[in-house]
Amino acid sequence: MTKAIAFPQYGGADVLRPIDIELPAPGPGQVLVAVRAVGVNPLDHKVRSGELAAHFPVTFPAVPGYELSGVVETVGDGVTGFKPGDEVFGAVMGGGYAEQALVSADQLAHKPAALSWEQAAAIPVAAETAERVLDLLGVRAGHTLLVHGAAGGVGTVLVQFARARGITVVGTASEANHAHLRELGAIPVTYGEGLAERVKAAAPGGVDRVLDAAGKGGVLPLSVELTGSADRVLAIADVTGAQEHGIRFSGGAEGVEPYHARAYAAALALHEAGTLRLPLHRVFPLAEAAEAQRVSEHGHLRGKIVLTV
């Protein structure tokens with residue numbers, strides 16, 4: 001048996017509670033990981049609330065958690081890249097809020113010793129999302145990319161991936177996060193009324209592509225206006241708004257090619273160069289997962305919320 005945090009029904013953060021679960025031995029291509037840290041994402045509370053029931057169906061009691069770091073305990077048939085004792089991080093299709101989790105080996109990577117458990121757990125979702133959206137947007141060197149919600153967990157990694165490719169990034173954020181964005185190499189602008197004028201001042205040559213990573217404030221029509229086409233805008237946080245304005249939505253479950261290996265390689269290359277920044281908004285023990293989700297739900301984060309096990 002392993003201890004976990006689960007929700008027995010859809011609802012607010014109060015439905016999260018500790019349970020004991022029994023995990024089967026890892027199957028072919030799977031790895032059993034002793035979890036050390038778990039990343040908390042907006043996806044966690046959206047699945048828990050039932051908001052994404054049509055896209056992410058769960059079986060109750062459901063254990064949240066879509067990214068983690070930890071130590072390999074056992075491996076299933078056909079797994080050749082990992083062995084017991086290896087320190088790893090990676091993505092998981094739920095089940096991360098636990099002392100142990102089963103992970104597909106093709107979504108794991110080896111954790112460098114110089115990378116903390118908490119920082120490693122903050123990489124998988126943000127890095128995969130960043131790699132995917134840059135590809136889907138077709139953004140390349142010389143382009144200017146506007147990112148709504150640039151100071152959050154995904155935005156922080158996305159800015160770094162984009163800057164490493166020679167892309168100019170204009171990022172919306174509160175004033176308190178402007179210095180953070182400048183350190184990452186982005187041009188910060190404050191969101192809210194008058195945003196279009198501030199973006200035009202920050203990018204006098206125009207905006208080539210827009211990513212909405214915030215999902216708040218009705219910025220999608222403005223984004224289409226700035227780029228001149230809905231095809232140049234991508235949303236990852238506002239399904240309804242995207243549908244209303246004819247904008248593509250990417251949640252990572254559309255059957256697109258897997259980006260995990262490429263994303264991890266990009267993140268580790270920045271880490272090896274000494275330039276990867278992974279700010280942690282707050283770190284909670286696993287037992288306080290409900291409070292961690294409440295903070296995540298409130299938004300306005302700088303970096304990532306992480307649970308330690």
# chains A, B, ... in the order shown; residues from 1 in each chain; ligands from 1
>>> select_by_dssp(residues="stretch 56-274 of chain A", states="strand (DSSP E)", output="VMD selection string")
chain A and resid 67 to 75 87 to 91 100 to 104 108 to 110 144 to 148 168 to 173 187 to 190 209 to 212 233 to 235 248 to 249
>>> write_last_selection(atoms="C-alpha atoms", output="compact mmCIF listing (two decimals), in the first residue's frame")
# COMPACT_ATOMS: atom_id res chain seq x y z
CA GLU A 67 4.47 15.61 -13.16
CA LEU A 68 6.94 14.41 -10.57
CA SER A 69 10.51 13.69 -9.59
CA GLY A 70 11.76 10.72 -7.62
CA VAL A 71 13.79 7.53 -7.49
CA VAL A 72 13.22 4.45 -9.64
CA GLU A 73 12.20 1.45 -7.52
CA THR A 74 11.38 -1.21 -10.12
CA VAL A 75 11.03 -1.37 -13.91
CA GLU A 87 16.99 9.74 -9.95
CA VAL A 88 14.38 10.80 -12.51
CA PHE A 89 11.68 13.32 -13.39
CA GLY A 90 8.84 13.14 -15.84
CA ALA A 91 5.18 13.39 -16.76
CA GLN A 100 4.77 5.99 -5.28
CA ALA A 101 3.57 6.31 -8.87
CA LEU A 102 3.64 4.30 -12.08
CA VAL A 103 5.17 6.26 -14.96
CA SER A 104 5.63 5.42 -18.64
CA LEU A 108 10.83 10.05 -17.97
CA ALA A 109 14.30 11.60 -17.99
CA HIS A 110 17.34 11.27 -15.75
CA THR A 144 7.93 38.51 -31.95
CA LEU A 145 5.74 36.40 -29.65
CA LEU A 146 3.22 37.88 -27.22
CA VAL A 147 2.59 35.66 -24.18
CA HIS A 148 -0.39 36.35 -21.90
CA THR A 168 11.56 38.24 -29.12
CA VAL A 169 9.03 37.80 -26.31
CA VAL A 170 6.59 40.39 -25.00
CA GLY A 171 4.96 39.07 -21.82
CA THR A 172 1.93 40.30 -19.91
CA ALA A 173 2.18 40.23 -16.13
CA ILE A 187 9.76 42.64 -22.51
CA PRO A 188 7.11 42.98 -19.77
CA VAL A 189 3.81 44.81 -20.20
CA THR A 190 1.00 45.21 -17.68
CA ARG A 209 2.19 35.17 -32.86
CA VAL A 210 0.29 35.12 -29.56
CA LEU A 211 -0.01 32.49 -26.85
CA ASP A 212 -2.69 32.85 -24.19
CA VAL A 233 -3.07 32.78 -31.93
CA LEU A 234 -3.05 29.72 -29.65
CA ALA A 235 -4.82 29.20 -26.32
CA ARG A 248 -6.90 26.88 -31.81
CA PHE A 249 -6.79 25.33 -28.35
>>> residues_around(residues="A:Pro8", least_positions_apart="3", cutoff="8 Å", atoms="only C-alpha atoms", output="JSON, numbers by chain")
{"A": [15, 16, 60, 61, 62]}
>>> residues_around(residues="A:Ala122", least_positions_apart="4", cutoff="9 Å", atoms="only C-alpha atoms", output="ChimeraX atom specification")
/A:37-40,67-69,117-118,126-127,153,278-280,303-306
>>> write_last_selection(atoms="all heavy atoms", output="short mmCIF file (atom, residue, chain, number, x, y, z; two decimals), in the first residue's frame")
data_model
loop_
_atom_site.label_atom_id
_atom_site.label_comp_id
_atom_site.auth_asym_id
_atom_site.auth_seq_id
_atom_site.Cartn_x
_atom_site.Cartn_y
_atom_site.Cartn_z
N ALA A 37 8.88 14.76 -5.22
CA ALA A 37 8.20 16.05 -5.37
C ALA A 37 7.21 15.96 -6.53
O ALA A 37 7.38 15.16 -7.45
CB ALA A 37 9.21 17.17 -5.62
N VAL A 38 6.17 16.77 -6.45
CA VAL A 38 5.10 16.77 -7.47
C VAL A 38 4.78 18.21 -7.86
O VAL A 38 4.60 19.06 -6.99
CB VAL A 38 3.79 16.13 -6.92
CG1 VAL A 38 2.79 15.92 -8.04
CG2 VAL A 38 4.08 14.83 -6.20
N GLY A 39 4.69 18.48 -9.15
CA GLY A 39 4.29 19.80 -9.61
C GLY A 39 2.78 19.97 -9.53
O GLY A 39 2.02 19.02 -9.78
N VAL A 40 2.34 21.16 -9.15
CA VAL A 40 0.91 21.49 -9.09
C VAL A 40 0.60 22.42 -10.27
O VAL A 40 1.29 23.43 -10.47
CB VAL A 40 0.54 22.18 -7.77
CG1 VAL A 40 -0.92 22.61 -7.76
CG2 VAL A 40 0.83 21.23 -6.60
N GLU A 67 3.02 15.54 -12.99
CA GLU A 67 4.47 15.61 -13.16
C GLU A 67 5.11 15.37 -11.81
O GLU A 67 4.55 15.73 -10.77
CB GLU A 67 4.89 16.97 -13.72
CG GLU A 67 4.48 18.15 -12.86
CD GLU A 67 4.81 19.49 -13.49
OE1 GLU A 67 5.61 19.54 -14.43
OE2 GLU A 67 4.24 20.50 -13.03
N LEU A 68 6.30 14.76 -11.84
CA LEU A 68 6.94 14.41 -10.57
C LEU A 68 8.44 14.23 -10.75
O LEU A 68 8.96 14.19 -11.87
CB LEU A 68 6.32 13.11 -10.01
CG LEU A 68 6.26 11.89 -10.94
CD1 LEU A 68 7.62 11.19 -11.07
CD2 LEU A 68 5.25 10.87 -10.44
N SER A 69 9.11 14.12 -9.62
CA SER A 69 10.51 13.69 -9.59
C SER A 69 10.62 12.64 -8.50
O SER A 69 9.81 12.61 -7.57
CB SER A 69 11.44 14.87 -9.30
OG SER A 69 11.17 15.42 -8.02
N TRP A 117 14.99 18.24 -6.29
CA TRP A 117 13.75 17.48 -6.53
C TRP A 117 12.62 18.42 -6.90
O TRP A 117 11.84 18.15 -7.82
CB TRP A 117 13.36 16.69 -5.28
CG TRP A 117 14.29 15.61 -4.86
CD1 TRP A 117 15.01 15.55 -3.69
CD2 TRP A 117 14.64 14.42 -5.59
NE1 TRP A 117 15.77 14.41 -3.67
CE2 TRP A 117 15.55 13.69 -4.80
CE3 TRP A 117 14.26 13.91 -6.83
CZ2 TRP A 117 16.10 12.48 -5.21
CZ3 TRP A 117 14.80 12.69 -7.25
CH2 TRP A 117 15.70 11.99 -6.46
N GLU A 118 12.53 19.55 -6.18
CA GLU A 118 11.43 20.49 -6.41
C GLU A 118 11.54 21.12 -7.81
O GLU A 118 10.54 21.24 -8.52
CB GLU A 118 11.46 21.60 -5.35
CG GLU A 118 11.12 21.12 -3.94
CD GLU A 118 12.32 20.53 -3.20
OE1 GLU A 118 13.44 20.50 -3.78
OE2 GLU A 118 12.15 20.09 -2.05
N ALA A 126 5.44 22.16 -17.88
CA ALA A 126 5.77 23.46 -18.48
C ALA A 126 6.64 23.29 -19.71
O ALA A 126 6.43 23.95 -20.74
CB ALA A 126 6.46 24.34 -17.45
N ALA A 127 7.63 22.40 -19.63
CA ALA A 127 8.54 22.21 -20.76
C ALA A 127 7.83 21.58 -21.95
O ALA A 127 8.00 22.02 -23.10
CB ALA A 127 9.74 21.36 -20.33
N GLY A 153 4.09 29.28 -14.29
CA GLY A 153 4.95 28.11 -14.46
C GLY A 153 5.26 27.82 -15.91
O GLY A 153 6.41 27.61 -16.30
N LEU A 278 14.01 28.23 -12.69
CA LEU A 278 12.78 27.53 -12.33
C LEU A 278 12.30 28.05 -10.97
O LEU A 278 12.40 27.38 -9.96
CB LEU A 278 13.02 26.01 -12.26
CG LEU A 278 13.37 25.32 -13.57
CD1 LEU A 278 13.89 23.91 -13.31
CD2 LEU A 278 12.15 25.26 -14.49
N PRO A 279 11.79 29.27 -10.95
CA PRO A 279 11.34 29.83 -9.67
C PRO A 279 10.17 29.05 -9.10
O PRO A 279 9.28 28.63 -9.83
CB PRO A 279 10.93 31.26 -10.04
CG PRO A 279 10.62 31.22 -11.49
CD PRO A 279 11.55 30.19 -12.07
N LEU A 280 10.21 28.87 -7.80
CA LEU A 280 9.13 28.15 -7.11
C LEU A 280 8.26 29.17 -6.37
O LEU A 280 8.76 29.88 -5.49
CB LEU A 280 9.71 27.12 -6.15
CG LEU A 280 10.60 26.05 -6.79
CD1 LEU A 280 11.18 25.14 -5.71
CD2 LEU A 280 9.83 25.24 -7.82
N GLY A 303 6.20 31.55 -11.20
CA GLY A 303 6.81 30.24 -11.15
C GLY A 303 5.81 29.17 -10.73
O GLY A 303 4.61 29.29 -10.91
N LYS A 304 6.31 28.12 -10.09
CA LYS A 304 5.55 26.89 -9.90
C LYS A 304 5.26 26.60 -8.43
O LYS A 304 6.05 26.91 -7.55
CB LYS A 304 6.40 25.74 -10.47
CG LYS A 304 5.65 24.50 -10.85
CD LYS A 304 4.68 24.75 -11.98
CE LYS A 304 4.05 23.49 -12.47
NZ LYS A 304 4.88 22.80 -13.44
N ILE A 305 4.11 25.97 -8.20
CA ILE A 305 3.79 25.41 -6.89
C ILE A 305 4.19 23.94 -6.92
O ILE A 305 3.91 23.22 -7.88
CB ILE A 305 2.29 25.53 -6.58
CG1 ILE A 305 1.89 27.00 -6.47
CG2 ILE A 305 1.95 24.81 -5.27
CD1 ILE A 305 0.39 27.21 -6.34
N VAL A 306 4.85 23.49 -5.85
CA VAL A 306 5.34 22.12 -5.81
C VAL A 306 4.97 21.50 -4.46
O VAL A 306 5.00 22.18 -3.42
CB VAL A 306 6.88 22.06 -6.02
CG1 VAL A 306 7.43 20.66 -5.76
CG2 VAL A 306 7.23 22.51 -7.44
#
>>> atom_distance(atom1="atom CA of A:Gly12", atom2="atom CA of A:Ile123")
26.2 Å
>>> closest_residue(among="A:Gly185, A:Gly205, A:Pro112, A:Gly85", to="A:Ala162", atoms="only C-alpha atoms")
A:Gly185
>>> closest_residue(among="A:Pro124, A:Pro26, A:Gly65, A:Pro84", to="A:Ala261", atoms="only C-alpha atoms")
A:Pro124
>>> residues_around(residues="A:Glu183", least_positions_apart="3", cutoff="12 Å", atoms="only C-alpha atoms", output="list in words")
Ala151, Thr156, Val159, Gln160, Arg163, Asn177, His178, Ala179, His180, Ala186, Ile187, Pro188, Thr275, Leu276, Arg277 and Pro279 of chain A
>>> write_last_selection(atoms="all heavy atoms", output="compact mmCIF listing (two decimals), in the first residue's frame")
# COMPACT_ATOMS: atom_id res chain seq x y z
N ALA A 151 4.50 35.09 -16.57
CA ALA A 151 5.28 34.87 -15.34
C ALA A 151 4.92 33.59 -14.60
O ALA A 151 5.56 33.24 -13.61
CB ALA A 151 5.10 36.06 -14.39
N THR A 156 7.11 31.02 -17.67
CA THR A 156 8.51 31.17 -17.30
C THR A 156 9.41 30.28 -18.14
O THR A 156 10.47 30.71 -18.60
CB THR A 156 8.69 30.85 -15.80
OG1 THR A 156 8.07 31.88 -15.03
CG2 THR A 156 10.14 30.77 -15.41
N VAL A 159 9.20 31.38 -22.08
CA VAL A 159 10.02 32.55 -22.40
C VAL A 159 11.47 32.12 -22.62
O VAL A 159 12.13 32.55 -23.58
CB VAL A 159 9.94 33.61 -21.28
CG1 VAL A 159 11.02 34.69 -21.48
CG2 VAL A 159 8.56 34.24 -21.23
N GLN A 160 11.97 31.24 -21.75
CA GLN A 160 13.36 30.80 -21.87
C GLN A 160 13.59 29.97 -23.13
O GLN A 160 14.61 30.13 -23.81
CB GLN A 160 13.76 30.01 -20.61
CG GLN A 160 13.74 30.86 -19.35
CD GLN A 160 14.02 30.04 -18.12
OE1 GLN A 160 15.16 29.72 -17.80
NE2 GLN A 160 12.96 29.71 -17.38
N ARG A 163 13.47 32.51 -26.11
CA ARG A 163 14.65 33.37 -26.19
C ARG A 163 15.86 32.58 -26.68
O ARG A 163 16.69 33.11 -27.42
CB ARG A 163 14.94 34.00 -24.81
CG ARG A 163 13.89 34.98 -24.34
CD ARG A 163 13.76 36.19 -25.26
NE ARG A 163 15.00 36.97 -25.27
CZ ARG A 163 15.62 37.40 -26.36
NH1 ARG A 163 15.11 37.14 -27.55
NH2 ARG A 163 16.74 38.09 -26.27
N ASN A 177 5.82 41.36 -11.26
CA ASN A 177 6.56 40.32 -11.96
C ASN A 177 7.36 40.84 -13.15
O ASN A 177 7.96 40.06 -13.89
CB ASN A 177 5.60 39.23 -12.44
CG ASN A 177 5.11 38.36 -11.29
OD1 ASN A 177 5.85 38.11 -10.34
ND2 ASN A 177 3.86 37.92 -11.36
N HIS A 178 7.40 42.15 -13.34
CA HIS A 178 8.12 42.70 -14.49
C HIS A 178 9.63 42.46 -14.41
O HIS A 178 10.26 42.12 -15.41
CB HIS A 178 7.81 44.19 -14.66
CG HIS A 178 6.47 44.44 -15.26
ND1 HIS A 178 6.11 45.64 -15.82
CD2 HIS A 178 5.38 43.63 -15.43
CE1 HIS A 178 4.88 45.57 -16.30
NE2 HIS A 178 4.41 44.36 -16.05
N ALA A 179 10.21 42.64 -13.23
CA ALA A 179 11.65 42.41 -13.08
C ALA A 179 11.99 40.95 -13.38
O ALA A 179 13.01 40.65 -14.03
CB ALA A 179 12.11 42.80 -11.68
N HIS A 180 11.12 40.05 -12.92
CA HIS A 180 11.30 38.62 -13.18
C HIS A 180 11.33 38.34 -14.68
O HIS A 180 12.20 37.62 -15.17
CB HIS A 180 10.16 37.84 -12.50
CG HIS A 180 10.01 36.42 -12.94
ND1 HIS A 180 10.99 35.47 -12.74
CD2 HIS A 180 8.99 35.77 -13.58
CE1 HIS A 180 10.58 34.30 -13.22
NE2 HIS A 180 9.38 34.47 -13.74
N ALA A 186 12.48 38.71 -21.43
CA ALA A 186 11.24 39.15 -22.06
C ALA A 186 11.03 40.65 -21.85
O ALA A 186 11.64 41.26 -20.96
CB ALA A 186 10.05 38.38 -21.49
N ILE A 187 10.17 41.25 -22.66
CA ILE A 187 9.76 42.64 -22.51
C ILE A 187 8.42 42.63 -21.78
O ILE A 187 7.41 42.18 -22.34
CB ILE A 187 9.61 43.33 -23.88
CG1 ILE A 187 10.90 43.24 -24.68
CG2 ILE A 187 9.17 44.79 -23.70
CD1 ILE A 187 10.74 43.61 -26.15
N PRO A 188 8.37 43.08 -20.53
CA PRO A 188 7.11 42.98 -19.77
C PRO A 188 6.14 44.12 -20.09
O PRO A 188 6.56 45.26 -20.31
CB PRO A 188 7.58 43.06 -18.32
CG PRO A 188 8.83 43.87 -18.37
CD PRO A 188 9.48 43.59 -19.71
N THR A 275 21.79 28.47 -17.26
CA THR A 275 20.85 29.59 -17.47
C THR A 275 19.40 29.25 -17.16
O THR A 275 18.55 30.14 -17.19
CB THR A 275 20.93 30.08 -18.93
OG1 THR A 275 20.56 29.01 -19.81
CG2 THR A 275 22.34 30.55 -19.28
N LEU A 276 19.08 27.98 -16.89
CA LEU A 276 17.69 27.61 -16.64
C LEU A 276 17.21 28.17 -15.31
O LEU A 276 17.82 27.94 -14.26
CB LEU A 276 17.53 26.08 -16.63
CG LEU A 276 16.11 25.56 -16.41
CD1 LEU A 276 15.20 25.94 -17.58
CD2 LEU A 276 16.12 24.03 -16.24
N ARG A 277 16.11 28.92 -15.35
CA ARG A 277 15.51 29.47 -14.13
C ARG A 277 14.17 28.78 -13.89
O ARG A 277 13.31 28.78 -14.76
CB ARG A 277 15.31 30.98 -14.27
CG ARG A 277 16.61 31.77 -14.35
CD ARG A 277 16.33 33.23 -14.65
NE ARG A 277 17.56 33.99 -14.78
CZ ARG A 277 18.12 34.71 -13.81
NH1 ARG A 277 17.55 34.74 -12.61
NH2 ARG A 277 19.23 35.38 -14.02
N PRO A 279 11.79 29.27 -10.95
CA PRO A 279 11.34 29.83 -9.67
C PRO A 279 10.17 29.05 -9.10
O PRO A 279 9.28 28.63 -9.83
CB PRO A 279 10.93 31.26 -10.04
CG PRO A 279 10.62 31.22 -11.49
CD PRO A 279 11.55 30.19 -12.07
>>> closest_residue(among="A:Ala13, A:Leu134, A:Ala150, A:Arg198", to="A:Ile167", atoms="only C-alpha atoms")
A:Leu134
>>> atom_distance(atom1="atom CA of A:Ala176", atom2="atom CA of A:Glu193")
17.3 Å
>>> closest_residue(among="A:Leu184, A:Gly149, A:Val125, A:His281", to="A:Val219", atoms="only C-alpha atoms")
A:Gly149
>>> atom_distance(atom1="atom CA of A:Glu22", atom2="atom CA of A:Gly95")
11.7 Å
>>> closest_residue(among="A:His300, A:His245, A:Arg132, A:His55", to="A:Leu43", atoms="only C-alpha atoms")
A:His55
>>> closest_residue(among="A:Gly27, A:Pro285, A:Gly152, A:Gly252", to="A:Met93", atoms="only C-alpha atoms")
A:Gly252
